[in-house]
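Pasted below: start_33.cif, mmCIF, C-alpha atoms.
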```
data_structure
loop_
_atom_site.label_atom_id
_atom_site.label_comp_id
_atom_site.auth_asym_id
_atom_site.auth_seq_id
_atom_site.Cartn_x
_atom_site.Cartn_y
_atom_site.Cartn_z
CA MET A 29 -30.83 -60.62 12.45
CA THR A 30 -29.36 -58.26 9.94
CA GLU A 31 -25.92 -56.87 10.49
CA VAL A 32 -25.72 -53.11 9.98
CA THR A 33 -22.37 -52.07 8.58
CA LYS A 34 -21.46 -48.41 8.68
CA LYS A 35 -19.27 -47.31 5.81
CA THR A 36 -16.32 -45.14 6.95
CA PRO A 37 -16.31 -41.90 4.98
CA LYS A 38 -13.20 -41.15 2.93
CA LEU A 39 -11.60 -38.19 4.66
CA PRO A 40 -9.78 -35.35 2.95
CA GLU A 41 -6.17 -35.33 4.14
CA ALA A 42 -3.05 -33.25 3.55
CA GLY A 43 -0.58 -34.81 1.13
CA GLN A 44 -3.22 -36.33 -1.14
CA TRP A 45 -3.13 -35.72 -4.90
CA PRO A 46 -4.74 -32.24 -4.75
CA ASP A 47 -1.84 -31.09 -2.56
CA ARG A 48 0.68 -32.45 -5.02
CA ILE A 49 -0.82 -30.47 -7.91
CA ALA A 50 -1.67 -27.32 -5.87
CA PRO A 51 1.70 -25.48 -6.39
CA ALA A 52 1.53 -26.10 -10.16
CA VAL A 53 -2.13 -25.00 -10.22
CA LEU A 54 -1.16 -21.81 -8.36
CA VAL A 55 1.55 -21.00 -10.92
CA VAL A 56 -0.80 -21.72 -13.87
CA GLY A 57 -3.49 -19.60 -12.17
CA ILE A 58 -1.10 -16.65 -11.80
CA VAL A 59 0.04 -17.02 -15.44
CA LEU A 60 -3.56 -17.17 -16.74
CA SER A 61 -4.58 -14.18 -14.60
CA THR A 62 -1.60 -12.20 -15.90
CA ILE A 63 -2.52 -13.08 -19.50
CA GLY A 64 -6.13 -12.13 -18.74
CA PHE A 65 -5.00 -8.80 -17.26
CA LEU A 66 -2.89 -8.02 -20.36
CA LEU A 67 -5.69 -9.07 -22.73
CA ALA A 68 -8.18 -6.89 -20.81
CA PHE A 69 -6.13 -3.75 -21.34
CA LEU A 70 -4.37 -4.47 -24.64
CA TRP A 71 -6.80 -6.60 -26.67
CA ALA A 72 -10.42 -6.62 -25.48
CA SER A 73 -12.62 -3.99 -27.12
CA PRO A 74 -13.42 -0.96 -25.01
CA VAL A 75 -17.00 -0.52 -23.87
CA ASN A 76 -18.78 2.57 -25.08
CA GLY A 77 -20.61 5.09 -22.94
CA ALA A 78 -22.68 8.10 -23.95
CA GLY A 79 -22.60 9.32 -27.55
CA VAL A 80 -20.40 12.30 -28.40
CA ASN A 81 -21.18 15.16 -30.73
CA GLY A 82 -19.27 13.78 -33.73
CA ALA A 83 -17.01 10.88 -34.75
CA GLU A 84 -13.27 10.16 -34.76
CA MET A 85 -11.19 7.43 -36.36
CA ILE A 86 -9.30 5.50 -33.64
CA GLY A 87 -7.32 2.38 -34.51
CA GLY A 88 -9.09 2.02 -37.87
CA GLN A 89 -12.57 2.29 -36.35
CA MET A 90 -15.06 5.13 -36.25
CA VAL A 91 -15.66 5.96 -32.60
CA THR A 92 -18.76 7.96 -31.71
CA ASN A 93 -19.03 7.31 -27.96
CA VAL A 94 -17.18 8.01 -24.75
CA VAL A 95 -14.77 5.13 -23.98
CA LEU A 96 -15.41 3.57 -20.56
CA LEU A 97 -12.10 2.34 -19.19
CA SER A 98 -13.63 1.58 -15.77
CA GLN A 99 -15.32 -1.47 -17.36
CA LYS A 100 -11.88 -3.17 -17.27
CA ILE A 101 -12.53 -3.80 -13.54
CA PHE A 102 -15.24 -6.27 -14.63
CA TYR A 103 -12.67 -8.79 -15.96
CA PHE A 104 -11.57 -9.56 -12.39
CA HIS A 105 -14.71 -8.49 -10.49
CA MET A 106 -16.88 -11.24 -11.98
CA PRO A 107 -14.29 -14.08 -11.59
CA VAL A 108 -13.67 -13.28 -7.90
CA ALA A 109 -17.45 -13.17 -7.30
CA ILE A 110 -17.95 -16.54 -9.06
CA THR A 111 -15.03 -18.04 -7.09
CA SER A 112 -16.61 -16.83 -3.83
CA PHE A 113 -19.85 -18.62 -4.82
CA VAL A 114 -17.94 -21.82 -5.64
CA ALA A 115 -16.10 -21.65 -2.30
CA LEU A 116 -19.45 -21.28 -0.53
CA GLY A 117 -20.70 -24.30 -2.47
CA PHE A 118 -17.82 -26.37 -1.09
CA ALA A 119 -18.33 -24.94 2.42
CA GLY A 120 -21.99 -25.97 2.29
CA TYR A 121 -21.13 -29.43 0.93
CA TYR A 122 -18.61 -30.10 3.71
CA ALA A 123 -21.06 -28.69 6.29
CA VAL A 124 -23.66 -31.25 5.16
CA ARG A 125 -21.01 -34.00 5.26
CA PHE A 126 -20.15 -32.94 8.81
CA LEU A 127 -23.78 -33.03 9.92
CA MET A 128 -24.16 -36.48 8.37
CA THR A 129 -20.98 -38.05 9.73
CA ARG A 130 -20.07 -35.86 12.75
CA ASN A 131 -16.46 -36.14 11.60
CA ARG A 132 -14.56 -32.97 12.49
CA ARG A 133 -12.37 -33.22 9.36
CA PHE A 134 -15.35 -32.07 7.31
CA ASP A 135 -15.80 -29.14 9.70
CA THR A 136 -12.16 -28.16 9.08
CA CYS A 137 -12.75 -28.32 5.31
CA SER A 138 -15.94 -26.27 5.61
CA LYS A 139 -14.19 -23.63 7.74
CA ILE A 140 -11.33 -23.26 5.26
CA ALA A 141 -13.78 -23.00 2.35
CA MET A 142 -15.59 -20.24 4.29
CA GLU A 143 -12.27 -18.43 4.74
CA ILE A 144 -11.61 -18.62 1.00
CA ALA A 145 -15.18 -17.40 0.38
CA LEU A 146 -14.62 -14.43 2.71
CA LEU A 147 -11.37 -13.56 0.96
CA PHE A 148 -13.02 -13.56 -2.46
CA VAL A 149 -16.11 -11.76 -1.18
CA ALA A 150 -13.75 -9.03 0.10
CA CYS A 151 -12.09 -8.89 -3.35
CA THR A 152 -15.52 -8.64 -5.00
CA MET A 153 -16.53 -5.83 -2.66
CA ILE A 154 -13.27 -3.92 -3.26
CA THR A 155 -13.43 -4.15 -7.05
CA GLY A 156 -17.20 -3.56 -7.20
CA ASP A 157 -17.13 -0.61 -4.83
CA LEU A 158 -14.39 1.20 -6.73
CA TRP A 159 -16.34 0.72 -9.98
CA THR A 160 -19.54 1.93 -8.26
CA ARG A 161 -17.78 5.02 -6.89
CA PHE A 162 -16.58 6.04 -10.34
CA GLU A 163 -19.57 5.05 -12.47
CA TRP A 164 -22.45 5.80 -10.11
CA GLY A 165 -20.69 8.50 -8.06
CA VAL A 166 -21.46 6.82 -4.72
CA TRP A 167 -19.58 4.34 -2.50
CA TRP A 168 -22.74 2.40 -1.76
CA THR A 169 -26.30 2.06 -2.97
CA TRP A 170 -29.03 -0.31 -1.79
CA ASP A 171 -29.31 -2.05 -5.15
CA PRO A 172 -30.75 -5.63 -4.78
CA ARG A 173 -27.51 -7.33 -5.94
CA LEU A 174 -25.34 -5.21 -3.65
CA THR A 175 -27.71 -5.71 -0.72
CA THR A 176 -27.94 -9.50 -1.06
CA TYR A 177 -24.16 -9.72 -1.48
CA LEU A 178 -23.68 -7.58 1.64
CA ILE A 179 -26.00 -9.96 3.52
CA LEU A 180 -23.87 -12.85 2.24
CA MET A 181 -20.72 -11.15 3.52
CA LEU A 182 -22.34 -10.49 6.91
CA ILE A 183 -23.39 -14.16 7.19
CA ILE A 184 -19.79 -15.24 6.53
CA ILE A 185 -18.44 -12.75 9.11
CA ALA A 186 -21.11 -13.96 11.58
CA TYR A 187 -19.89 -17.52 10.95
CA PHE A 188 -16.38 -16.65 12.17
CA ILE A 189 -17.67 -14.58 15.12
CA LEU A 190 -19.88 -17.52 16.14
CA ARG A 191 -17.00 -19.99 15.89
CA ASN A 192 -14.82 -17.80 18.09
CA ALA A 193 -17.60 -17.44 20.65
CA ILE A 194 -18.13 -21.19 21.24
CA ASP A 195 -15.50 -23.19 23.11
CA GLU A 196 -17.02 -26.64 22.85
CA PRO A 197 -15.77 -28.11 19.51
CA GLU A 198 -18.81 -30.25 18.69
CA ARG A 199 -21.31 -27.39 19.22
CA ARG A 200 -19.02 -24.94 17.40
CA ALA A 201 -18.84 -27.25 14.39
CA THR A 202 -22.61 -27.90 14.38
CA PHE A 203 -23.60 -24.22 14.61
CA GLY A 204 -20.93 -23.37 12.04
CA ALA A 205 -22.28 -26.01 9.65
CA VAL A 206 -25.80 -24.57 9.93
CA LEU A 207 -24.52 -21.07 9.18
CA SER A 208 -22.51 -22.38 6.19
CA ILE A 209 -25.69 -23.87 4.76
CA ILE A 210 -27.58 -20.59 5.34
CA ALA A 211 -24.80 -18.75 3.46
CA LEU A 212 -25.10 -21.27 0.62
CA ILE A 213 -28.86 -20.65 0.42
CA ASP A 214 -28.14 -16.92 -0.12
CA VAL A 215 -25.90 -17.69 -3.14
CA PRO A 216 -28.66 -18.42 -5.73
CA ILE A 217 -30.72 -15.54 -4.34
CA CYS A 218 -27.76 -13.21 -4.78
CA PHE A 219 -27.02 -14.57 -8.27
CA MET A 220 -30.60 -14.40 -9.54
CA VAL A 221 -31.75 -11.18 -7.88
CA THR A 222 -30.80 -8.93 -10.80
CA ARG A 223 -32.92 -11.13 -13.06
CA LEU A 224 -35.84 -11.35 -10.65
CA ILE A 225 -36.04 -7.66 -9.75
CA PRO A 226 -36.17 -5.55 -12.94
CA SER A 227 -35.51 -2.31 -11.03
CA SER A 228 -31.98 -3.50 -10.23
CA ILE A 229 -29.39 -1.16 -11.72
CA HIS A 230 -26.53 -3.64 -11.42
CA PRO A 231 -25.34 -4.58 -14.94
CA VAL A 232 -26.33 -8.07 -16.15
CA VAL A 233 -23.95 -8.93 -18.98
CA VAL A 234 -25.79 -11.95 -20.43
CA ARG A 235 -29.22 -10.26 -20.36
CA GLU A 236 -27.87 -7.09 -21.95
CA GLY A 237 -26.65 -8.70 -25.16
CA GLY A 238 -23.63 -10.60 -23.90
CA MET A 239 -20.03 -9.95 -24.77
CA SER A 240 -18.04 -9.82 -27.96
CA GLY A 241 -15.70 -12.78 -28.62
CA ASP A 242 -12.56 -10.95 -27.50
CA MET A 243 -14.22 -9.90 -24.24
CA GLY A 244 -15.47 -13.44 -23.60
CA ILE A 245 -12.02 -14.99 -24.20
CA THR A 246 -10.40 -12.41 -21.89
CA LEU A 247 -12.99 -13.15 -19.20
CA MET A 248 -12.38 -16.92 -19.54
CA PHE A 249 -8.63 -16.44 -18.95
CA CYS A 250 -9.34 -14.36 -15.82
CA LEU A 251 -12.02 -16.77 -14.59
CA ALA A 252 -9.81 -19.86 -15.04
CA GLY A 253 -6.84 -18.08 -13.44
CA ILE A 254 -8.74 -16.84 -10.40
CA ALA A 255 -10.52 -20.19 -9.90
CA MET A 256 -7.14 -21.98 -9.95
CA ILE A 257 -5.71 -19.49 -7.44
CA GLY A 258 -8.75 -20.09 -5.21
CA PHE A 259 -8.26 -23.87 -5.37
CA ALA A 260 -4.52 -23.61 -4.64
CA LEU A 261 -5.11 -21.26 -1.69
CA TYR A 262 -7.66 -23.70 -0.27
CA ARG A 263 -5.22 -26.60 -0.46
CA LEU A 264 -2.30 -24.57 0.97
CA ARG A 265 -4.44 -23.46 3.89
CA PHE A 266 -5.76 -26.99 4.40
CA ARG A 267 -2.17 -28.33 4.60
CA GLN A 268 -1.26 -25.66 7.14
CA VAL A 269 -4.36 -26.26 9.29
CA ARG A 270 -3.86 -30.03 9.28
CA LEU A 271 -0.24 -29.59 10.37
CA THR A 272 -1.37 -27.26 13.18
CA GLU A 273 -4.00 -29.82 14.24
CA ARG A 274 -1.35 -32.55 14.35
CA VAL A 275 0.87 -30.29 16.48
CA GLU A 276 -2.02 -29.81 18.94
CA VAL A 277 -2.64 -33.58 19.14
CA LEU A 278 1.07 -34.21 19.77
CA LYS A 279 1.10 -31.53 22.49
CA GLU A 280 -1.85 -33.18 24.23
CA GLN A 281 -0.17 -36.60 24.02
CA LEU A 282 3.01 -35.21 25.58
CA GLU A 283 1.05 -33.51 28.36
CA ASP A 284 -0.66 -36.84 29.16
CA MET B 19 -6.33 17.28 -29.04
CA ASN B 20 -9.53 18.04 -30.90
CA PRO B 21 -12.72 18.48 -28.84
CA ILE B 22 -14.35 15.22 -30.07
CA LEU B 23 -11.31 13.13 -29.06
CA THR B 24 -11.22 14.96 -25.72
CA GLU B 25 -14.84 13.97 -25.15
CA ILE B 26 -14.22 10.34 -26.26
CA TYR B 27 -11.31 9.98 -23.81
CA SER B 28 -12.94 12.12 -21.08
CA THR B 29 -13.41 9.20 -18.63
CA ILE B 30 -9.99 7.57 -19.13
CA VAL B 31 -7.81 9.66 -16.78
CA PRO B 32 -10.44 10.25 -14.04
CA SER B 33 -11.17 6.49 -13.83
CA MET B 34 -7.48 5.50 -13.53
CA PRO B 35 -7.15 5.79 -9.71
CA PHE B 36 -10.23 3.56 -9.29
CA ILE B 37 -9.01 0.91 -11.74
CA ILE B 38 -5.49 0.85 -10.28
CA GLY B 39 -6.97 0.82 -6.76
CA ALA B 40 -9.27 -2.10 -7.57
CA TYR B 41 -6.47 -4.24 -9.04
CA VAL B 42 -3.87 -3.35 -6.41
CA LEU B 43 -6.19 -3.88 -3.41
CA MET B 44 -7.47 -7.18 -4.80
CA TRP B 45 -3.97 -8.61 -5.28
CA VAL B 46 -2.83 -7.22 -1.91
CA ALA B 47 -5.75 -9.04 -0.20
CA LEU B 48 -4.76 -12.33 -1.90
CA LEU B 49 -1.07 -11.79 -1.08
CA VAL B 50 -1.81 -11.07 2.58
CA TYR B 51 -3.74 -14.33 2.81
CA VAL B 52 -0.82 -16.24 1.23
CA LEU B 53 1.56 -14.61 3.75
CA ILE B 54 -0.73 -15.62 6.66
CA ILE B 55 -0.67 -19.23 5.38
CA MET B 56 3.14 -19.20 4.95
CA VAL B 57 3.77 -17.75 8.44
CA GLY B 58 1.32 -20.24 10.01
CA TYR B 59 2.94 -23.14 8.16
CA LYS B 60 6.50 -22.16 9.19
CA LYS B 61 5.37 -21.76 12.81
CA ALA B 62 3.61 -25.16 12.83
CA GLU B 63 6.65 -26.80 11.19
CA ALA B 64 8.98 -25.37 13.86
CA GLN B 65 6.63 -26.53 16.64
CA MET B 66 6.40 -29.98 15.08
CA ALA B 67 10.21 -30.29 14.99
CA VAL B 68 10.46 -29.35 18.69
CA LEU B 69 7.67 -31.78 19.64
CA GLU B 70 9.19 -34.62 17.63
CA GLU B 71 12.47 -34.07 19.48
CA ALA B 72 10.63 -34.14 22.81
CA VAL B 73 8.86 -37.38 21.84
CA ALA B 74 12.18 -38.97 20.80
CA GLU B 75 13.77 -37.92 24.10
CA ARG B 76 10.89 -39.35 26.08
CA ARG B 77 11.14 -42.65 24.21
CA ALA B 78 14.89 -42.78 24.84
CA ASP B 79 14.38 -42.36 28.64
#
```

Can I see the file as structure tokens?
Amino acid sequence: MTEVTKKTPKLPEAGQWPDRIAPAVLVVGIVLSTIGFLLAFLWASPVNGAGVNGAEMIGGQMVTNVVLLSQKIFYFHMPVAITSFVALGFAGYYAVRFLMTRNRRFDTCSKIAMEIALLFVACTMITGDLWTRFEWGVWWTWDPRLTTYLILMLIIIAYFILRNAIDEPERRATFGAVLSIIALIDVPICFMVTRLIPSSIHPVVVREGGMSGDMGITLMFCLAGIAMIGFALYRLRFRQVRLTERVEVLKEQLED
Amino acid sequence: MNPILTEIYSTIVPSMPFIIGAYVLMWVALLVYVLIIMVGYKKAEAQMAVLEEAVAERRAD
């Protein structure tokens, strides 16, 4: 007779090493974002728009096009969008771990990652919409990238509505996990749609010749800064939720 | 300003409210989330202190 041993999964817990580095990561993230913001406006080359009827010397360079300042939104728009995708990746991972182990700690992690994803999706929508309003003259257009990203946002909102609608914790966690995985499936669709559908008018930086070195370095500062802020927010929220969960357990013990 | 420079800089001022709006709203959203975490943490900490006192009292009885 063979003895089946079930390995206990290592559970994420408040107070572990990520919590110890989270405050420092938050500070570094804010510093890098601030540097990125300054580089975006003071160092990175401006992007040119339509040609003008002539040329002028500006800062030692011949300028023959309209200067598009609105492009500066991109330096934070792309990092918050990428961070929202990463957060959804973690939410999906923890959802799978929950379905495999049925341990509610993974559901907590998945829920917090979904919260972070919603926060960064909101930031992406805000920055993208203001750019769209100025450059395209409309608040919204049914461009494939915008549409798939809207669907992603609606899935995340549906996730929280669903969680609030179900009282039984096990069912709530299971349905939530399924919705997290559905949201994760939408991520590559959303990312690739501008490449798959040529009629998409959403700019694709890499396909359209990439960025100059100064623009790339500026973007890296913003991306690193925002990703660090996302990580720190996740850990801070996780610490708070775990403390609240412990309070609830203690309350139940006292009531018994 | 000469007409060519006026044309080159023609989008700068009109785009300003949108750029400022994008940056301000994004940071406000992040700050609000941090505040929600801080308030929740303080509240949970206060509840934990009260509950720990209650547990200690019960043990003492």

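Rounded to one decimal, atom CA of Gly117 of chain A and atom CA of Leu212 of chain A lie 6.2 Å from each other.
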
What's around Pro46 of chain A at 10 Å? Count only C-alpha atoms, leave out sequence neighbours fewer than 5 positions away in its own chain, and write the answer as a short mmCIF file (atom, residue, chain, number, x, y, z; two decimals) with C-alpha atoms, in the frame of the given file.
```cif
data_model
loop_
_atom_site.label_atom_id
_atom_site.label_comp_id
_atom_site.auth_asym_id
_atom_site.auth_seq_id
_atom_site.Cartn_x
_atom_site.Cartn_y
_atom_site.Cartn_z
CA PRO A 40 -9.78 -35.35 2.95
CA GLU A 41 -6.17 -35.33 4.14
CA PRO A 51 1.70 -25.48 -6.39
CA VAL A 53 -2.13 -25.00 -10.22
CA PHE A 259 -8.26 -23.87 -5.37
CA ALA A 260 -4.52 -23.61 -4.64
CA ARG A 263 -5.22 -26.60 -0.46
CA LEU A 264 -2.30 -24.57 0.97
#
```

Counting only C-alpha atoms, which residues of chain B fall within 6 Å of chain A, and what is the closest atom pair for each with its distance in Å at one decimal, ordered by chain and rising number, as JSON lines?
```
{"residue": "B:Ile26", "atom": "CA", "partner": "A:Val94", "partner_atom": "CA", "distance": 4.1}
{"residue": "B:Tyr27", "atom": "CA", "partner": "A:Val95", "partner_atom": "CA", "distance": 6.0}
{"residue": "B:Ile30", "atom": "CA", "partner": "A:Leu97", "partner_atom": "CA", "distance": 5.6}
{"residue": "B:Ser33", "atom": "CA", "partner": "A:Ser98", "partner_atom": "CA", "distance": 5.8}
{"residue": "B:Phe36", "atom": "CA", "partner": "A:Leu158", "partner_atom": "CA", "distance": 5.4}
{"residue": "B:Ala40", "atom": "CA", "partner": "A:Thr155", "partner_atom": "CA", "distance": 4.7}
{"residue": "B:Met44", "atom": "CA", "partner": "A:Cys151", "partner_atom": "CA", "distance": 5.1}
{"residue": "B:Ile55", "atom": "CA", "partner": "A:Arg265", "partner_atom": "CA", "distance": 5.9}
{"residue": "B:Tyr59", "atom": "CA", "partner": "A:Gln268", "partner_atom": "CA", "distance": 5.0}
{"residue": "B:Ala62", "atom": "CA", "partner": "A:Thr272", "partner_atom": "CA", "distance": 5.4}
{"residue": "B:Met66", "atom": "CA", "partner": "A:Val275", "partner_atom": "CA", "distance": 5.7}
```

Which protein, DNA or RNA residues have an atom at most 12 Å from (-35.0, -6.5, -10.1), counting all atoms listed in the file? List them as a list of chain:residue names.
-> A:Trp170, A:Asp171, A:Pro172, A:Arg173, A:Leu174, A:Thr175, A:Thr176, A:Ile217, A:Cys218, A:Phe219, A:Met220, A:Val221, A:Thr222, A:Arg223, A:Leu224, A:Ile225, A:Pro226, A:Ser227, A:Ser228, A:Ile229, A:His230, A:Pro231, A:Val232

What does the distance from atom CA of Phe134 of chain A to atom CA of Phe113 of chain A come to in Å, to one decimal?
-> 18.7 Å

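Take atom CA of Ile140 of chain A and atom CA of Gly120 of chain A: the distance between them is 11.4 Å.
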
The PyMOL selection byres ((chain A and resi 121) around 12) applied to the shown file, residues as a VMD selection string = chain A and resid 114 to 120 122 to 128 134 to 135 137 to 139 141 to 142 205 to 206 208 to 213

Excluding Gly57 of chain A and any residue of its chain fewer than 5 positions from it, enumerate the residues within 8 Å of it, using all atoms listed in the file, and give them as a list in words.
-> Ala252, Gly253, Ile254, Ala255, Met256 and Ile257 of chain A

Can you spit out the residues from that selection as a PDB file, in the coordinates of the input, using C-alpha atoms?
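Output file part.pdb follows:
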```
ATOM      1  CA  ALA A 252      -9.810 -19.860 -15.040  1.00  0.00           C
ATOM      2  CA  GLY A 253      -6.840 -18.080 -13.440  1.00  0.00           C
ATOM      3  CA  ILE A 254      -8.740 -16.840 -10.400  1.00  0.00           C
ATOM      4  CA  ALA A 255     -10.520 -20.190  -9.900  1.00  0.00           C
ATOM      5  CA  MET A 256      -7.140 -21.980  -9.950  1.00  0.00           C
ATOM      6  CA  ILE A 257      -5.710 -19.490  -7.440  1.00  0.00           C
TER       7      ILE A 257
END
```

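The set of residues that the PyMOL selection byres ((chain A and resi 181) around 9) takes from this file is Ala145, Leu146, Val149, Ala150, Thr176, Tyr177, Leu178, Ile179, Leu180, Leu182, Ile183, Ile184, Ile185, Ala186 and Ala211 of chain A.
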